[in-house]
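Colleague: Pasting model_27.cif below, which is mmCIF, C-alpha atoms and all ligand atoms; chains and numbers go by the auth columns.
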data_my_file
loop_
_atom_site.group_PDB
_atom_site.id
_atom_site.type_symbol
_atom_site.label_atom_id
_atom_site.label_comp_id
_atom_site.label_asym_id
_atom_site.label_seq_id
_atom_site.Cartn_x
_atom_site.Cartn_y
_atom_site.Cartn_z
_atom_site.B_iso_or_equiv
_atom_site.auth_seq_id
_atom_site.auth_asym_id
ATOM 1 C CA MET A 1 -74.741 -38.216 94.143 0.00 1 A
ATOM 2 C CA HIS A 2 -73.109 -41.151 92.439 0.00 2 A
ATOM 3 C CA TYR A 3 -76.185 -42.135 90.522 0.00 3 A
ATOM 4 C CA GLU A 4 -76.383 -38.779 88.826 0.00 4 A
ATOM 5 C CA ARG A 5 -72.720 -38.767 87.933 0.00 5 A
ATOM 6 C CA ASP A 6 -72.883 -42.238 86.417 0.00 6 A
ATOM 7 C CA PHE A 7 -75.875 -41.225 84.414 0.00 7 A
ATOM 8 C CA LEU A 8 -74.097 -38.154 83.045 0.00 8 A
ATOM 9 C CA LYS A 9 -71.082 -40.293 82.184 0.00 9 A
ATOM 10 C CA MET A 10 -73.323 -42.628 80.217 0.00 10 A
ATOM 11 C CA VAL A 11 -74.873 -39.745 78.334 0.00 11 A
ATOM 12 C CA VAL A 12 -71.464 -38.336 77.477 0.00 12 A
ATOM 13 C CA LEU A 13 -70.188 -41.727 76.333 0.00 13 A
ATOM 14 C CA ALA A 14 -73.269 -42.331 74.221 0.00 14 A
ATOM 15 C CA ALA A 15 -72.896 -38.954 72.556 0.00 15 A
ATOM 16 C CA LYS A 16 -69.215 -39.623 71.918 0.00 16 A
ATOM 17 C CA ASN A 17 -69.914 -42.985 70.309 0.00 17 A
ATOM 18 C CA ALA A 18 -72.683 -41.589 68.165 0.00 18 A
ATOM 19 C CA ASP A 19 -70.419 -38.862 66.879 0.00 19 A
ATOM 20 C CA ARG A 20 -67.392 -40.959 66.227 0.00 20 A
ATOM 21 C CA PRO A 21 -67.291 -43.090 63.084 0.00 21 A
ATOM 22 C CA LEU A 22 -66.551 -46.756 63.733 0.00 22 A
ATOM 23 C CA VAL A 23 -63.375 -46.638 61.698 0.00 23 A
ATOM 24 C CA THR A 24 -60.837 -43.835 61.677 0.00 24 A
ATOM 25 C CA CYS A 25 -59.839 -41.980 58.523 0.00 25 A
ATOM 26 C CA ASP A 26 -56.611 -43.992 58.509 0.00 26 A
ATOM 27 C CA ASP A 27 -58.532 -47.263 58.634 0.00 27 A
ATOM 28 C CA CYS A 28 -60.824 -46.024 55.924 0.00 28 A
ATOM 29 C CA TRP A 29 -57.945 -44.907 53.749 0.00 29 A
ATOM 30 C CA GLU A 30 -56.367 -48.372 53.934 0.00 30 A
ATOM 31 C CA GLN A 31 -59.487 -49.976 52.485 0.00 31 A
ATOM 32 C CA VAL A 32 -60.964 -47.233 50.348 0.00 32 A
ATOM 33 C CA ASP A 33 -59.067 -48.339 47.233 0.00 33 A
ATOM 34 C CA GLN A 34 -60.525 -51.827 47.609 0.00 34 A
ATOM 35 C CA PHE A 35 -63.932 -50.260 48.148 0.00 35 A
ATOM 36 C CA ALA A 36 -63.585 -48.147 45.014 0.00 36 A
ATOM 37 C CA GLU A 37 -62.394 -51.098 42.917 0.00 37 A
ATOM 38 C CA MET A 38 -65.350 -53.192 44.019 0.00 38 A
ATOM 39 C CA THR A 39 -67.706 -50.328 43.258 0.00 39 A
ATOM 40 C CA LEU A 40 -66.276 -49.989 39.765 0.00 40 A
ATOM 41 C CA ALA A 41 -66.461 -53.754 39.249 0.00 41 A
ATOM 42 C CA GLY A 42 -70.182 -53.553 40.003 0.00 42 A
ATOM 43 C CA LYS A 43 -69.840 -55.519 43.225 0.00 43 A
ATOM 44 C CA ASP A 44 -71.689 -54.642 46.407 0.00 44 A
ATOM 45 C CA ALA A 45 -68.821 -52.868 48.148 0.00 45 A
ATOM 46 C CA GLY A 46 -71.123 -51.659 50.900 0.00 46 A
ATOM 47 C CA ALA A 47 -71.948 -55.236 51.855 0.00 47 A
ATOM 48 C CA ALA A 48 -68.329 -56.358 51.770 0.00 48 A
ATOM 49 C CA LEU A 49 -66.930 -53.351 53.607 0.00 49 A
ATOM 50 C CA PRO A 50 -69.820 -51.918 55.605 0.00 50 A
ATOM 51 C CA LEU A 51 -67.571 -49.985 57.984 0.00 51 A
ATOM 52 C CA VAL A 52 -65.844 -48.198 55.127 0.00 52 A
ATOM 53 C CA LYS A 53 -69.194 -47.406 53.554 0.00 53 A
ATOM 54 C CA GLU A 54 -70.463 -45.995 56.825 0.00 54 A
ATOM 55 C CA HIS A 55 -67.342 -43.914 57.301 0.00 55 A
ATOM 56 C CA ILE A 56 -67.494 -42.495 53.786 0.00 56 A
ATOM 57 C CA GLU A 57 -71.113 -41.519 54.355 0.00 57 A
ATOM 58 C CA LYS A 58 -70.234 -39.690 57.570 0.00 58 A
ATOM 59 C CA CYS A 59 -66.843 -38.240 56.701 0.00 59 A
ATOM 60 C CA GLY A 60 -66.719 -35.530 54.044 0.00 60 A
ATOM 61 C CA GLU A 61 -62.965 -35.809 53.655 0.00 61 A
ATOM 62 C CA CYS A 62 -62.959 -39.541 52.984 0.00 62 A
ATOM 63 C CA SER A 63 -65.993 -39.172 50.756 0.00 63 A
ATOM 64 C CA ALA A 64 -64.026 -36.706 48.627 0.00 64 A
ATOM 65 C CA GLU A 65 -61.016 -39.047 48.581 0.00 65 A
ATOM 66 C CA PHE A 66 -63.261 -41.927 47.553 0.00 66 A
ATOM 67 C CA ASN A 67 -64.762 -39.960 44.675 0.00 67 A
ATOM 68 C CA ALA A 68 -61.320 -38.802 43.539 0.00 68 A
ATOM 69 C CA LEU A 69 -60.141 -42.407 43.645 0.00 69 A
ATOM 70 C CA LEU A 70 -63.148 -43.553 41.608 0.00 70 A
ATOM 71 C CA ASP A 71 -62.330 -40.925 38.977 0.00 71 A
ATOM 72 C CA ALA A 72 -58.687 -41.984 38.928 0.00 72 A
ATOM 73 C CA LEU A 73 -59.600 -45.666 38.594 0.00 73 A
ATOM 74 C CA ARG A 74 -62.026 -44.895 35.774 0.00 74 A
ATOM 75 C CA ALA A 75 -59.316 -42.905 33.991 0.00 75 A
ATOM 76 C CA THR A 76 -56.845 -45.759 34.481 0.00 76 A
ATOM 77 C CA ALA A 77 -59.368 -48.260 33.149 0.00 77 A
ATOM 78 C CA ARG A 78 -59.811 -46.129 30.045 0.00 78 A
ATOM 79 C CA LEU A 79 -56.063 -45.785 29.568 0.00 79 A
ATOM 80 C CA SER A 80 -55.495 -49.534 29.899 0.00 80 A
ATOM 81 C CA LEU A 81 -57.653 -50.038 26.811 0.00 81 A
ATOM 82 C CA PHE A 82 -54.718 -48.680 24.863 0.00 82 A
ATOM 83 C CA LYS A 83 -51.272 -50.187 24.731 0.00 83 A
ATOM 84 C CA PRO A 84 -48.901 -48.187 26.856 0.00 84 A
ATOM 85 C CA ASP A 85 -46.430 -46.193 24.818 0.00 85 A
ATOM 86 C CA THR A 86 -43.030 -47.213 26.058 0.00 86 A
ATOM 87 C CA GLY A 87 -41.140 -45.471 23.256 0.00 87 A
ATOM 88 C CA SER A 88 -38.915 -42.398 23.292 0.00 88 A
HETATM 89 ZN ZN ZN B . -62.622 -40.001 57.257 0.00 101 B
#
Go through the file and emit its structure as structure tokens.
Modeller:
Amino acid sequence: MHYERDFLKMVVLAAKNADRPLVTCDDCWEQVDQFAEMTLAGKDAGAALPLVKEHIEKCGECSAEFNALLDALRATARLSLFKPDTGS
């Protein structure tokens, strides 16, 4: 029966779409530095880059990358308070 098959197709597609984040990890990675910078600057990064925010919330890997990036940016911000030592 065609009706039944179409219905099953719809269910499968719906499940697929629910599972899959709207952006891929590659897409997320391209914007995650911007997202992290905005977060550090106290801006609403989630409002500016809602897809990245959603992906980070769903994807453990990108969430870890984001947190690592935040740490790195914080460390860089601290370092930039001092004049870089170009000697030696
Ligand atoms: Zn991801």
Colleague: Using only C-alpha atoms and all ligand atoms for the distances, tell me which of A:Asp44, A:Asp71, A:Asp33, A:Glu54 is nearest to ligand ZN 101 (chain B).
Modeller: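 Of all the options, A:Glu54 lies closest to ligand ZN 101 (chain B).
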Colleague: Name the residues captured by the PyMOL selection byres (((chain A and resi 23-31) around 9) and not hetatm) when it is applied to the shown file; answer as a ChimeraX atom specification.
Modeller: /A:20-22,32-36,49,51-56,59,61-62,65-66
Colleague: Using atom CA of Leu79 of chain A and atom CA of Ala48 of chain A as the two end points, give the distance in Å to one decimal.
Modeller: 27.5 Å
Colleague: Rounded to one decimal, what separation in Å do you get between atom CA of Gly46 of chain A and atom CA of Ala75 of chain A?
Modeller: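 Interatomic distance, atom CA of Gly46 of chain A to atom CA of Ala75 of chain A: 22.4 Å.
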Colleague: Please determine, counting all atoms listed in the file, which residue among A:Ala77, A:Ala64, A:Ala72, A:Met38 has the shortest atom-to-atom distance to ligand ZN 101 (chain B).
Modeller: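 Checking each of A:Ala77, A:Ala64, A:Ala72, A:Met38 against ligand ZN 101 (chain B), counting all atoms listed in the file, the winner is A:Ala64.
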Colleague: Using all atoms listed in the file, which residue out of A:Lys58, A:Asp6, A:Leu40, A:Ala45 lies closest to ligand ZN 101 (chain B)?
Modeller: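 Closest candidate: A:Lys58.
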Colleague: In Å to one decimal, how far is atom CA of Glu37 of chain A from atom CA of Leu70 of chain A?
Modeller: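 These atoms are spaced 7.7 Å apart.
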Colleague: With distances taken over all atoms listed in the file, which residue among A:Phe7, A:Val12, A:Leu73, A:Ser63 lies nearest ligand ZN 101 (chain B)?
Modeller: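 So, comparing all the options, the nearest one is A:Ser63.
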Colleague: Please return the centre and edge lengths, in Å to one decimal, of a box with edges along x, y and z that contains all listed atoms of segment 54-69 of chain A, widened by 3 Å on every side, as JSON.
Modeller:
{"center_x": -65.6, "center_y": -40.8, "center_z": 50.6, "size_x": 17.0, "size_y": 16.5, "size_z": 20.0}
